[in-house]
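Heads up, start.cif below (mmCIF, C-alpha atoms and all ligand atoms):
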```cif
data_upload
loop_
_atom_site.label_atom_id
_atom_site.label_comp_id
_atom_site.auth_asym_id
_atom_site.auth_seq_id
_atom_site.Cartn_x
_atom_site.Cartn_y
_atom_site.Cartn_z
CA MET T 690 9.69 24.82 -9.73
CA GLU T 691 8.43 21.78 -7.88
CA SER T 692 5.18 22.37 -6.02
CA ARG T 693 4.39 21.24 -2.48
CA ILE T 694 2.49 18.05 -1.75
CA GLU T 695 -0.90 19.73 -1.15
CA THR T 696 -0.66 21.37 -4.59
CA LYS T 697 0.40 18.09 -6.19
CA CYS T 698 -2.71 16.41 -4.72
CA ILE T 699 -4.83 18.83 -6.73
CA HIS T 700 -2.91 19.61 -9.92
CA GLU T 701 -0.58 16.75 -10.88
CA GLY T 702 -1.47 14.34 -13.67
CA TRP T 703 -4.00 16.39 -15.63
CA ILE T 704 -3.14 19.76 -17.16
CA PRO T 705 -5.95 20.78 -19.52
CA GLY T 706 -5.19 22.61 -22.74
CA LYS T 707 -7.31 25.41 -24.20
CA GLY T 708 -11.00 24.55 -24.08
CA GLU T 709 -10.41 21.16 -22.44
CA ALA T 710 -12.21 19.79 -19.39
CA ARG T 711 -10.97 21.37 -16.14
CA GLN T 712 -11.60 18.15 -14.22
CA LEU T 713 -9.90 14.93 -15.32
CA PRO T 714 -12.21 13.31 -17.92
CA ILE T 715 -13.16 9.63 -17.73
CA PHE T 716 -11.92 8.06 -20.96
CA GLN T 717 -14.56 5.35 -20.95
CA SER T 718 -13.25 3.64 -24.06
CA THR T 719 -11.72 0.22 -24.55
CA THR T 720 -9.87 1.21 -27.73
CA PHE T 721 -8.07 4.11 -29.41
CA LYS T 722 -8.00 4.88 -33.12
CA TYR T 723 -5.04 5.06 -35.55
CA ASN T 724 -4.82 6.08 -39.18
CA THR T 725 -2.53 3.41 -40.58
CA SER T 726 -1.83 -0.21 -39.85
CA ASP T 727 1.84 0.64 -39.44
CA GLU T 728 1.15 3.25 -36.74
CA MET T 729 -0.63 0.65 -34.65
CA GLY T 730 1.97 -2.04 -35.37
CA LYS T 731 4.68 0.14 -33.80
CA LEU T 732 2.68 0.25 -30.56
CA PHE T 733 2.63 -3.54 -30.39
CA ASP T 734 6.42 -3.58 -30.75
CA LEU T 735 6.83 -0.93 -28.00
CA GLU T 736 8.51 1.16 -30.73
CA ALA T 737 6.08 4.05 -30.31
CA GLU T 738 4.14 5.34 -27.31
CA GLY T 739 0.38 5.60 -27.45
CA TYR T 740 -2.89 4.16 -26.26
CA PHE T 741 -4.42 1.25 -28.08
CA TYR T 742 -6.31 -0.94 -25.60
CA THR T 743 -7.41 -0.06 -22.05
CA ARG T 744 -6.18 -3.38 -20.61
CA LEU T 745 -2.66 -2.02 -21.16
CA GLN T 746 -3.11 1.70 -20.68
CA ASN T 747 -5.88 4.28 -20.41
CA PRO T 748 -5.46 8.09 -20.25
CA THR T 749 -7.60 8.52 -17.10
CA ASN T 750 -5.69 5.80 -15.28
CA ASP T 751 -2.35 7.22 -16.43
CA ALA T 752 -3.22 10.71 -15.18
CA VAL T 753 -4.06 9.34 -11.73
CA ALA T 754 -0.94 7.16 -11.68
CA ALA T 755 1.13 10.22 -12.65
CA LYS T 756 -0.38 12.17 -9.74
CA ILE T 757 0.45 9.43 -7.21
CA CYS T 758 3.92 9.14 -8.78
CA ALA T 759 4.54 12.87 -8.26
CA MET T 760 3.25 12.70 -4.68
CA GLU T 761 5.64 9.82 -3.89
CA GLY T 762 8.55 11.44 -5.75
CA GLY T 763 8.86 8.50 -8.17
CA THR T 764 9.72 8.29 -11.86
CA ALA T 765 6.95 5.99 -13.21
CA ALA T 766 3.71 4.48 -11.92
CA MET T 767 0.74 2.36 -12.91
CA LEU T 768 -2.72 1.70 -11.48
CA THR T 769 -4.03 -1.81 -10.82
CA SER T 770 -7.51 -3.13 -10.10
CA SER T 771 -6.76 -3.62 -6.38
CA GLY T 772 -4.06 -3.42 -3.75
CA GLN T 773 -3.71 -7.20 -3.98
CA ALA T 774 -2.96 -6.94 -7.71
CA ALA T 775 -0.41 -4.19 -7.01
CA ASN T 776 1.49 -6.32 -4.51
CA PHE T 777 1.29 -9.40 -6.72
CA TYR T 778 2.68 -7.51 -9.74
CA ALA T 779 5.32 -5.75 -7.63
CA ILE T 780 6.82 -9.11 -6.66
CA PHE T 781 6.07 -11.15 -9.76
CA ASN T 782 7.66 -8.51 -12.00
CA ILE T 783 11.09 -9.48 -10.60
CA CYS T 784 10.58 -12.97 -9.11
CA GLU T 785 9.94 -16.21 -10.95
CA ALA T 786 9.80 -19.91 -10.06
CA GLY T 787 12.89 -20.81 -8.03
CA ASP T 788 13.28 -17.31 -6.56
CA HIS T 789 12.96 -16.22 -2.95
CA PHE T 790 12.10 -12.97 -1.17
CA ILE T 791 11.81 -11.68 2.38
CA ALA T 792 8.73 -10.03 3.89
CA SER T 793 7.85 -8.69 7.31
CA SER T 794 5.53 -11.13 9.13
CA ALA T 795 3.42 -8.18 10.35
CA ILE T 796 1.96 -7.33 6.92
CA TYR T 797 -1.72 -7.26 5.94
CA GLY T 798 -3.39 -10.71 6.07
CA GLY T 799 -4.33 -10.69 2.38
CA THR T 800 -0.74 -10.03 1.37
CA TYR T 801 0.50 -12.66 3.85
CA ASN T 802 -1.72 -15.22 2.16
CA LEU T 803 -0.70 -14.13 -1.35
CA PHE T 804 2.99 -14.41 -0.48
CA GLY T 805 2.90 -17.48 1.76
CA VAL T 806 0.36 -19.67 -0.06
CA THR T 807 -0.41 -18.54 -3.61
CA LEU T 808 3.08 -17.44 -4.72
CA LYS T 809 4.42 -20.67 -3.24
CA LYS T 810 2.23 -22.58 -5.72
CA MET T 811 3.98 -20.60 -8.46
CA GLY T 812 7.39 -21.70 -7.16
CA ILE T 813 8.26 -18.44 -5.41
CA GLU T 814 9.26 -18.80 -1.77
CA CYS T 815 8.74 -16.09 0.85
CA THR T 816 10.44 -16.03 4.27
CA PHE T 817 8.47 -14.00 6.81
CA VAL T 818 10.65 -12.24 9.37
CA ASP T 819 10.03 -10.44 12.65
CA GLN T 820 10.66 -6.83 11.60
CA GLU T 821 11.85 -5.88 15.08
CA LEU T 822 14.91 -8.20 14.84
CA PRO T 823 18.34 -6.55 14.80
CA GLU T 824 20.13 -6.13 11.47
CA GLU T 825 22.62 -8.99 12.05
CA GLU T 826 19.78 -11.43 12.71
CA LEU T 827 17.81 -10.34 9.65
CA ASP T 828 20.91 -10.64 7.47
CA LYS T 829 20.88 -14.44 8.00
CA TYR T 830 17.62 -14.82 6.05
CA PHE T 831 19.13 -13.69 2.73
CA LYS T 832 19.96 -16.42 0.21
CA PRO T 833 21.68 -16.36 -3.19
CA ASN T 834 18.23 -16.49 -4.87
CA THR T 835 16.69 -13.69 -2.74
CA LYS T 836 15.26 -11.04 -5.07
CA ALA T 837 13.40 -8.50 -2.91
CA VAL T 838 12.51 -7.30 0.59
CA PHE T 839 8.92 -6.29 1.36
CA GLY T 840 7.32 -4.38 4.26
CA GLU T 841 4.52 -1.96 5.15
CA THR T 842 5.23 1.59 6.36
CA ILE T 843 2.54 1.10 9.03
CA THR T 844 1.43 -2.51 9.43
CA ASN T 845 -2.23 -3.53 9.11
CA PRO T 846 -3.70 -4.39 11.67
CA THR T 847 -0.98 -4.11 14.35
CA VAL T 848 -0.03 -0.49 13.46
CA SER T 849 3.75 -0.97 13.81
CA ILE T 850 6.27 1.27 12.06
CA PHE T 851 8.76 -0.19 9.57
CA ASP T 852 12.40 0.76 10.06
CA PHE T 853 13.22 1.79 6.49
CA GLU T 854 16.90 2.55 7.02
CA LYS T 855 17.63 -0.83 8.59
CA PHE T 856 15.91 -2.76 5.80
CA ALA T 857 17.21 -0.53 2.97
CA ARG T 858 20.79 -1.16 4.15
CA LEU T 859 20.16 -4.92 4.22
CA ALA T 860 18.38 -5.07 0.86
CA HIS T 861 21.00 -2.96 -0.91
CA ALA T 862 23.92 -4.85 0.65
CA HIS T 863 22.43 -7.95 -1.01
CA GLY T 864 21.74 -6.20 -4.33
CA VAL T 865 17.92 -6.37 -4.17
CA PRO T 866 15.20 -3.69 -4.08
CA LEU T 867 13.16 -2.69 -1.03
CA ILE T 868 9.42 -2.73 -1.82
CA ILE T 869 7.12 -0.83 0.53
CA ASP T 870 3.34 -0.93 0.84
CA ASN T 871 2.63 2.68 1.84
CA THR T 872 -1.18 2.30 2.08
CA PHE T 873 -1.78 3.44 5.68
CA ALA T 874 0.69 6.35 5.73
CA THR T 875 -0.01 7.67 2.21
CA PRO T 876 2.59 10.00 0.65
CA ILE T 877 1.11 12.80 2.75
CA ASN T 878 2.63 11.36 5.91
CA CYS T 879 5.58 9.37 4.56
CA ARG T 880 7.48 9.10 1.29
CA PRO T 881 9.45 5.84 1.52
CA PHE T 882 11.74 6.78 -1.42
CA GLU T 883 13.25 9.46 0.83
CA TRP T 884 14.32 6.66 3.19
CA GLY T 885 15.82 4.23 0.69
CA ALA T 886 12.81 2.30 -0.63
CA ASP T 887 12.97 1.46 -4.35
CA ILE T 888 9.36 0.59 -5.17
CA VAL T 889 6.14 1.65 -3.44
CA THR T 890 2.71 0.02 -3.65
CA HIS T 891 -0.72 1.17 -2.50
CA SER T 892 -4.16 -0.13 -1.90
CA THR T 893 -5.87 3.05 -3.11
CA THR T 894 -9.06 1.51 -1.70
CA LYS T 895 -8.16 3.00 1.68
CA TYR T 896 -7.30 6.69 2.38
CA MET T 897 -6.60 7.65 -1.25
CA ASP T 898 -10.19 6.91 -2.21
CA GLY T 899 -11.16 7.74 1.35
CA HIS T 900 -14.93 7.39 0.93
CA GLY T 901 -15.32 3.64 0.51
CA VAL T 902 -16.42 3.69 -3.13
CA SER T 903 -13.77 1.96 -5.26
CA VAL T 904 -11.25 -0.85 -4.91
CA GLY T 905 -7.90 -0.07 -6.53
CA GLY T 906 -4.13 -0.24 -6.35
CA CYS T 907 -0.99 1.50 -7.55
CA ILE T 908 2.71 0.70 -8.06
CA VAL T 909 5.31 3.48 -8.13
CA ASP T 910 8.97 3.05 -9.10
CA SER T 911 11.64 5.39 -7.75
CA GLY T 912 13.79 4.60 -10.80
CA LYS T 913 16.75 4.36 -8.44
CA PHE T 914 17.43 0.64 -8.43
CA GLU T 915 20.26 -0.31 -10.82
CA TRP T 916 18.92 -3.47 -12.45
CA MET T 917 21.89 -3.74 -14.82
CA THR T 918 24.37 -3.73 -11.91
CA TYR T 919 22.70 -6.92 -10.67
CA ALA T 920 21.82 -8.22 -14.14
CA ASP T 921 22.20 -11.89 -13.16
CA LYS T 922 19.52 -11.59 -10.48
CA PHE T 923 16.89 -9.95 -12.66
CA PRO T 924 16.91 -11.64 -16.08
CA GLY T 925 13.32 -10.54 -16.73
CA LEU T 926 14.52 -6.95 -16.91
CA THR T 927 18.05 -7.44 -18.20
CA THR T 928 17.70 -10.07 -20.94
CA PRO T 929 15.55 -10.01 -24.11
CA ASP T 930 11.77 -10.52 -23.75
CA GLU T 931 10.70 -13.07 -26.38
CA SER T 932 7.12 -11.82 -26.24
CA TYR T 933 8.28 -8.39 -27.53
CA HIS T 934 10.71 -9.35 -30.31
CA GLY T 935 13.66 -9.45 -27.95
CA ILE T 936 13.40 -6.07 -26.20
CA THR T 937 15.56 -5.76 -23.06
CA TYR T 938 13.57 -3.52 -20.71
CA ALA T 939 16.46 -2.18 -18.61
CA GLU T 940 18.37 -1.18 -21.76
CA LYS T 941 15.52 0.28 -23.76
CA PHE T 942 13.54 2.01 -20.99
CA GLY T 943 16.17 2.88 -18.36
CA LYS T 944 14.46 4.30 -15.27
CA GLY T 945 11.07 3.35 -16.72
CA ALA T 946 12.04 -0.33 -17.15
CA TYR T 947 10.24 -1.80 -14.14
CA ILE T 948 6.85 -0.14 -14.78
CA THR T 949 7.09 -0.66 -18.56
CA LYS T 950 7.65 -4.38 -18.02
CA ALA T 951 4.81 -4.63 -15.48
CA THR T 952 2.47 -2.86 -17.92
CA ALA T 953 3.55 -4.44 -21.21
CA GLN T 954 3.94 -7.96 -19.86
CA LEU T 955 2.01 -8.52 -16.61
CA MET T 956 -0.97 -6.28 -17.35
CA ARG T 957 -1.14 -7.64 -20.88
CA ASP T 958 -1.17 -11.23 -19.59
CA PHE T 959 -3.05 -10.99 -16.26
CA GLY T 960 -5.26 -7.99 -17.03
CA SER T 961 -5.90 -6.61 -13.54
CA ILE T 962 -6.66 -3.17 -14.95
CA GLN T 963 -8.42 -0.49 -12.97
CA SER T 964 -11.64 0.79 -14.52
CA PRO T 965 -11.29 4.44 -15.62
CA GLN T 966 -14.45 5.23 -13.64
CA ASN T 967 -12.80 4.00 -10.44
CA ALA T 968 -9.62 5.92 -11.27
CA PHE T 969 -11.76 9.06 -11.50
CA TYR T 970 -13.12 8.43 -7.98
CA ILE T 971 -9.60 7.94 -6.64
CA ASN T 972 -8.57 11.22 -8.22
CA LEU T 973 -11.37 13.02 -6.39
CA GLY T 974 -10.17 11.42 -3.17
CA LEU T 975 -6.58 12.47 -3.85
CA GLU T 976 -7.61 16.13 -4.19
CA THR T 977 -8.49 16.30 -0.48
CA LEU T 978 -6.09 13.65 0.86
CA HIS T 979 -3.83 16.22 2.55
CA LEU T 980 -6.76 17.70 4.50
CA ARG T 981 -8.21 14.33 5.43
CA MET T 982 -4.97 12.71 6.62
CA LYS T 983 -4.36 15.59 9.01
CA LYS T 984 -7.85 15.23 10.48
CA HIS T 985 -7.66 11.41 10.64
CA CYS T 986 -4.43 11.72 12.66
CA GLU T 987 -5.82 14.40 14.99
CA ASN T 988 -8.95 12.37 15.69
CA ALA T 989 -7.04 9.10 16.12
CA LEU T 990 -4.62 10.62 18.63
CA ALA T 991 -7.54 11.97 20.69
CA VAL T 992 -9.25 8.56 20.61
CA ALA T 993 -5.98 6.78 21.53
CA GLU T 994 -5.47 9.15 24.47
CA PHE T 995 -9.04 8.55 25.65
CA LEU T 996 -8.64 4.77 25.44
CA GLU T 997 -5.27 4.87 27.19
CA ARG T 998 -6.90 6.56 30.20
CA ASN T 999 -9.90 4.20 30.39
CA ASP T 1000 -9.51 1.43 32.98
CA LYS T 1001 -11.50 -1.13 30.95
CA ILE T 1002 -8.86 -1.00 28.22
CA ALA T 1003 -5.99 -3.51 28.50
CA TRP T 1004 -3.66 -1.92 25.94
CA VAL T 1005 -3.59 0.58 23.06
CA ASN T 1006 -1.25 0.57 20.09
CA TYR T 1007 -1.01 3.91 18.30
CA PRO T 1008 2.46 5.04 17.21
CA ASP T 1009 1.86 8.74 17.95
CA LEU T 1010 1.16 8.11 21.66
CA ILE T 1011 4.14 9.31 23.68
CA ASN T 1012 4.14 6.01 25.61
CA SER T 1013 4.16 3.90 22.43
CA LYS T 1014 7.16 1.63 21.82
CA GLN T 1015 6.90 2.89 18.23
CA TYR T 1016 7.00 6.59 19.13
CA ASP T 1017 10.63 7.28 18.18
CA LEU T 1018 10.37 5.48 14.83
CA ALA T 1019 7.07 7.25 14.14
CA LYS T 1020 8.54 10.68 14.83
CA LYS T 1021 11.54 9.89 12.62
CA TYR T 1022 9.67 8.60 9.57
CA LEU T 1023 6.23 10.20 10.03
CA PRO T 1024 6.82 13.48 11.85
CA ASN T 1025 3.42 14.93 10.87
CA GLY T 1026 1.40 11.96 12.15
CA SER T 1027 0.97 8.31 11.18
CA CYS T 1028 -2.62 7.44 10.19
CA GLY T 1029 -6.14 7.13 11.58
CA VAL T 1030 -5.95 3.45 12.47
CA LEU T 1031 -5.23 2.14 15.95
CA ALA T 1032 -5.40 -1.22 17.70
CA PHE T 1033 -6.48 -1.94 21.25
CA GLY T 1034 -7.64 -4.72 23.55
CA ILE T 1035 -10.31 -4.83 26.23
CA LYS T 1036 -9.66 -6.31 29.67
CA GLY T 1037 -11.47 -9.63 29.73
CA GLY T 1038 -10.20 -10.71 26.32
CA ARG T 1039 -11.93 -11.99 23.22
CA ASP T 1040 -15.48 -12.38 24.59
CA LEU T 1041 -15.72 -8.93 26.12
CA SER T 1042 -14.20 -7.39 22.98
CA ILE T 1043 -17.04 -8.85 20.93
CA LYS T 1044 -19.68 -7.68 23.43
CA PHE T 1045 -18.21 -4.18 23.39
CA MET T 1046 -18.26 -3.98 19.60
CA ASP T 1047 -21.94 -4.86 19.46
CA LYS T 1048 -22.76 -1.90 21.76
CA LEU T 1049 -21.27 0.72 19.45
CA ASN T 1050 -23.69 2.91 17.47
CA LEU T 1051 -21.67 5.40 15.44
CA ALA T 1052 -18.71 3.14 14.69
CA SER T 1053 -19.75 0.41 12.29
CA ILE T 1054 -18.49 -3.16 12.03
CA VAL T 1055 -17.19 -3.56 8.47
CA THR T 1056 -14.43 -5.38 6.59
CA HIS T 1057 -12.84 -2.13 5.63
CA VAL T 1058 -10.50 0.41 7.09
CA ALA T 1059 -9.14 3.88 6.52
CA ASP T 1060 -11.95 6.04 5.25
CA SER T 1061 -14.21 8.89 6.34
CA LYS T 1062 -16.57 6.75 8.46
CA THR T 1063 -15.33 5.37 11.79
CA CYS T 1064 -15.31 1.60 11.61
CA LEU T 1065 -13.85 -1.40 13.36
CA LEU T 1066 -13.10 -5.05 13.00
CA HIS T 1067 -12.11 -7.88 15.33
CA PRO T 1068 -9.53 -9.90 13.36
CA ALA T 1069 -9.89 -12.98 15.59
CA SER T 1070 -13.64 -13.18 14.76
CA HIS T 1071 -13.46 -11.84 11.20
CA THR T 1072 -10.42 -11.69 8.89
CA HIS T 1073 -8.45 -14.29 10.91
CA ARG T 1074 -11.44 -16.35 12.08
CA GLN T 1075 -9.93 -19.68 10.99
CA LEU T 1076 -6.88 -19.30 13.23
CA SER T 1077 -6.52 -20.71 16.77
CA ASP T 1078 -5.32 -18.43 19.59
CA GLN T 1079 -1.82 -19.85 19.14
CA GLN T 1080 -1.82 -19.24 15.38
CA LEU T 1081 -3.07 -15.71 16.02
CA GLU T 1082 -0.15 -15.13 18.34
CA GLU T 1083 2.27 -16.34 15.68
CA ALA T 1084 0.75 -13.80 13.28
CA GLY T 1085 1.29 -11.15 15.98
CA ILE T 1086 -2.44 -10.64 16.48
CA ALA T 1087 -3.71 -10.72 20.07
CA PRO T 1088 -7.07 -12.55 20.39
CA ASP T 1089 -8.54 -9.38 21.95
CA LEU T 1090 -7.16 -7.03 19.24
CA ILE T 1091 -9.73 -4.61 17.89
CA ARG T 1092 -8.69 -2.67 14.79
CA PHE T 1093 -10.30 0.74 15.09
CA SER T 1094 -10.28 3.07 12.09
CA VAL T 1095 -11.00 6.63 13.18
CA GLY T 1096 -13.03 8.58 10.66
CA LEU T 1097 -13.64 12.27 10.05
CA GLU T 1098 -16.68 12.73 12.30
CA ASN T 1099 -16.48 15.16 15.24
CA VAL T 1100 -14.11 13.36 17.57
CA ASP T 1101 -16.30 14.07 20.62
CA ASP T 1102 -19.06 11.98 19.01
CA ILE T 1103 -16.62 9.13 18.36
CA ILE T 1104 -15.38 9.21 21.96
CA GLU T 1105 -18.92 9.42 23.40
CA ASP T 1106 -19.85 6.35 21.38
CA LEU T 1107 -16.84 4.46 22.77
CA LYS T 1108 -17.62 5.67 26.30
CA GLN T 1109 -21.25 4.48 26.29
CA ALA T 1110 -20.23 1.09 24.86
CA LEU T 1111 -17.53 0.66 27.50
CA GLU T 1112 -19.99 1.55 30.25
CA GLN T 1113 -22.25 -1.30 29.14
CA ILE T 1114 -19.66 -4.06 29.56
C1 LIG Y 1 -6.32 -3.44 2.05
C2 LIG Y 1 -4.85 -3.59 1.93
C3 LIG Y 1 -4.30 -4.29 0.85
C4 LIG Y 1 -5.13 -4.97 -0.19
O1 LIG Y 1 -5.76 -4.01 -0.97
P1 LIG Y 1 -7.17 -4.26 -1.76
O2 LIG Y 1 -7.36 -2.95 -2.43
O3 LIG Y 1 -8.19 -4.60 -0.74
O4 LIG Y 1 -6.91 -5.37 -2.71
C5 LIG Y 1 -2.92 -4.36 0.78
N1 LIG Y 1 -2.13 -3.79 1.71
C6 LIG Y 1 -2.65 -3.11 2.77
C7 LIG Y 1 -1.72 -2.50 3.77
C8 LIG Y 1 -4.02 -2.98 2.92
O5 LIG Y 1 -4.52 -2.32 3.96
#
```
Here is the file; what I need is its structure written in the form of structure tokens.
Amino acid sequence: MESRIETKCIHEGWIPGKGEARQLPIFQSTTFKYNTSDEMGKLFDLEAEGYFYTRLQNPTNDAVAAKICAMEGGTAAMLTSSGQAANFYAIFNICEAGDHFIASSAIYGGTYNLFGVTLKKMGIECTFVDQELPEEELDKYFKPNTKAVFGETITNPTVSIFDFEKFARLAHAHGVPLIIDNTFATPINCRPFEWGADIVTHSTTKYMDGHGVSVGGCIVDSGKFEWMTYADKFPGLTTPDESYHGITYAEKFGKGAYITKATAQLMRDFGSIQSPQNAFYINLGLETLHLRMKKHCENALAVAEFLERNDKIAWVNYPDLINSKQYDLAKKYLPNGSCGVLAFGIKGGRDLSIKFMDKLNLASIVTHVADSKTCLLHPASHTHRQLSDQQLEEAGIAPDLIRFSVGLENVDDIIEDLKQALEQI
């Protein structure tokens, strides 16, 4: 019988046998021993399963990946050293020089840069689209060499909700997978596979860790995309891999093909492995994720409602506010709440926003988001500092936008801190 998500958070991935550690052990070992040369040789040919070198696979990492996989309802998963590595692998596993893919223009700045600048240098072209456009308009961006569609469940930092059904229809009509970065929602609040997504990525650095201790990422495959049906588009999965004596991943590994290729080929060659110690920390975070997400959402809604009523605030964007443009999409895809992050602007624009931030005591200014401690960032002065006001607008970021990440403190303390800072400007 399949357990509920709260139970999965605690029990999936590690089931100890008699006399074994109750908590997931940290396998702090680079290598794993075999008795014969032939036994190890089979591993190198992908003829047998087993651990041999932590750059490819490690038991602690695999247990944590299996837990996230179960939470998302996927069939296979892998950890990566960061969210950036997860998104890079997710695309590069199916795109090569000469290929094209489509991404929402509202995605996280780091991913925007990876897709728009760095992948371009590798010959992979990304078209960024306004995710609010109607289906017919979006359809025009597909080309014969388009290989994927990418979006975020809840965009960072503008906190907009992705319309899964619209994009899944488009992607599948063109025979390509829909890849979703589910970092802000987490599988507690949204499971994109239930809405047609094919592959999910995470920056586990955020809510999954939840305490600001370890950078990490994860890729989960639903196993639903039929690579062989579109064999011409995905030769990396559907034709022999020379670096493994001619194995064809989609034939040999079926539903596990995508993750097996990303592990055996990309992790082998690029090596962005997560340290087992960090995987252990993420696992601790996952055990309480269901409790924390609920509280983050409760606190964030109270903060959003307070800000909405304050006359020094120009605008608030939080999808769970009844007045939000995003409310209907949020209730459809994230009925139990979205996340703890909200965006708002202060009347008086950029300068007053900065002044206000400096008056806060409890909320700290950090380049981080989505953990237990309330924190904030002003993209125009920090992450997007190099952009002019016009460029900011093109990226969908208002010059006065403050990204506010509501933590797990008593919400009255968070609101009092905001109140006293607002009174001083
Ligand atoms: C932070 C973040 C990333 C990048 O993750 P790192 O772990 O910092 O590499 C990717 N996507 C989203 C939505 C993020 O918030």
**Report entry** Length of the CA of Phe959 (chain T) to CA of Arg744 (chain T) vector [Å]
**Finding:** 9.3 Å
Query raised in the report: Within 9 Å of ligand LIG 1 (chain Y), counting only C-alpha atoms and all ligand atoms, which protein or nucleic acid residues do you find, written as a ChimeraX atom specification?
Result: /T:770-776,796-800,841-846,870-873,890-895,903-906,1057-1059
Report task. Identify which of the residues T:Lys1014, T:Asp819, T:Gln963, T:Met811 lies closest to Thr743 (chain T), counting all atoms listed in the file when measuring atom-to-atom distances. Result ->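 Closest candidate: T:Gln963.
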Contact table region 961-987 of chain T vs region 749-757 of chain T, cut-off 10 Å, shortest pair per residue, all atoms listed in the file, as CSV:
```
residue,atom,partner,partner_atom,distance
T:Ile962,CA,T:Asn750,CA,9.0
T:Gln963,CA,T:Asn750,CA,7.2
T:Ser964,CA,T:Asn750,CA,7.8
T:Pro965,CA,T:Thr749,CA,5.7
T:Gln966,CA,T:Thr749,CA,8.3
T:Asn967,CA,T:Asn750,CA,8.8
T:Ala968,CA,T:Asn750,CA,5.6
T:Phe969,CA,T:Thr749,CA,7.0
T:Tyr970,CA,T:Val753,CA,9.8
T:Ile971,CA,T:Val753,CA,7.7
T:Asn972,CA,T:Val753,CA,6.0
T:Leu973,CA,T:Val753,CA,9.8
T:Leu975,CA,T:Ile757,CA,8.4
T:Glu976,CA,T:Lys756,CA,9.9
```
Query raised in the report: What is the CA of Ala953 (chain T) to CA of Val838 (chain T) distance in Å?
Result: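 One can read the CA of Ala953 (chain T) to CA of Val838 (chain T) distance as 23.7 Å.
Atom to atom, CA of Trp884 (chain T) and CA of Gly943 (chain T) stand 22.0 Å apart.
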Requested in this report: Choose the residue, out of T:Ser1070, T:Asn782, T:Ser718, T:Thr725, that has the smallest atom-to-atom separation from Tyr938 (chain T); count all atoms listed in the file.
Outcome: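 That would be T:Asn782, the residue with the smallest distance to Tyr938 (chain T).
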**Report entry** Who sits within 7 Å of Asn988 (chain T), only C-alpha atoms, same chain under 4 positions skipped, as a ChimeraX atom specification
**Finding:** /T:984,992,1095,1100
Need the shell around Leu808 (chain T): protein/DNA/RNA residues with any atom at most 12 Å away, counting only C-alpha atoms. Skip same-chain ones fewer than 3 positions apart. Format as a CSV table (one decimal) with C-alpha atoms, keeping the file's coordinate frame?
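Now in out.csv:
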```csv
chain,number,residue,atom,x,y,z
T,776,ASN,CA,1.5,-6.3,-4.5
T,777,PHE,CA,1.3,-9.4,-6.7
T,778,TYR,CA,2.7,-7.5,-9.7
T,780,ILE,CA,6.8,-9.1,-6.7
T,781,PHE,CA,6.1,-11.2,-9.8
T,784,CYS,CA,10.6,-13.0,-9.1
T,785,GLU,CA,9.9,-16.2,-11.0
T,786,ALA,CA,9.8,-19.9,-10.1
T,787,GLY,CA,12.9,-20.8,-8.0
T,788,ASP,CA,13.3,-17.3,-6.6
T,789,HIS,CA,13.0,-16.2,-3.0
T,790,PHE,CA,12.1,-13.0,-1.2
T,800,THR,CA,-0.7,-10.0,1.4
T,801,TYR,CA,0.5,-12.7,3.8
T,802,ASN,CA,-1.7,-15.2,2.2
T,803,LEU,CA,-0.7,-14.1,-1.4
T,804,PHE,CA,3.0,-14.4,-0.5
T,805,GLY,CA,2.9,-17.5,1.8
T,811,MET,CA,4.0,-20.6,-8.5
T,812,GLY,CA,7.4,-21.7,-7.2
T,813,ILE,CA,8.3,-18.4,-5.4
T,814,GLU,CA,9.3,-18.8,-1.8
T,815,CYS,CA,8.7,-16.1,0.8
T,816,THR,CA,10.4,-16.0,4.3
```
Report task. Point out the residue among T:Pro714, T:Gly762, T:Pro1068, T:Gly730 with the least atom-to-atom distance to Pro748 (chain T), counting all atoms listed in the file. Result ->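 When distances to Pro748 (chain T) are compared using all atoms listed in the file, the smallest one comes from T:Pro714.
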Query raised in the report: T:Glu1105, T:Gly901, T:Asn1006, T:Glu728: which is nearest Cys1064 (chain T), counting all atoms listed in the file?
Result: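 Counting all atoms listed in the file, the residue closest to Cys1064 (chain T) is T:Gly901.
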Report task. Up to 10 Å from (10.5, -13.2, 11.7) in the file's coordinates: name the residues, counting all atoms listed in the file, as a list in words. Result -> Ile791, Ala792, Ser793, Ser794, Ala795, Thr816, Phe817, Val818, Asp819, Gln820, Glu821, Leu822, Glu826, Leu827, Tyr830, Glu1083 and Ala1084 of chain T
Serialized selection, C-alpha atoms, as a compact mmCIF listing (two decimals), in the coordinates of the input:
```
# COMPACT_ATOMS: atom_id res chain seq x y z
CA ILE T 791 11.81 -11.68 2.38
CA ALA T 792 8.73 -10.03 3.89
CA SER T 793 7.85 -8.69 7.31
CA SER T 794 5.53 -11.13 9.13
CA ALA T 795 3.42 -8.18 10.35
CA THR T 816 10.44 -16.03 4.27
CA PHE T 817 8.47 -14.00 6.81
CA VAL T 818 10.65 -12.24 9.37
CA ASP T 819 10.03 -10.44 12.65
CA GLN T 820 10.66 -6.83 11.60
CA GLU T 821 11.85 -5.88 15.08
CA LEU T 822 14.91 -8.20 14.84
CA GLU T 826 19.78 -11.43 12.71
CA LEU T 827 17.81 -10.34 9.65
CA TYR T 830 17.62 -14.82 6.05
CA GLU T 1083 2.27 -16.34 15.68
CA ALA T 1084 0.75 -13.80 13.28
```
Requested in this report: Determine the nearest neighbour of Leu859 (chain T) from the options T:Gly885, T:Pro1008, T:Gly974, T:Pro876, counting only C-alpha atoms.
Outcome: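 Of T:Gly885, T:Pro1008, T:Gly974, T:Pro876, the one nearest Leu859 (chain T), counting only C-alpha atoms, is T:Gly885.
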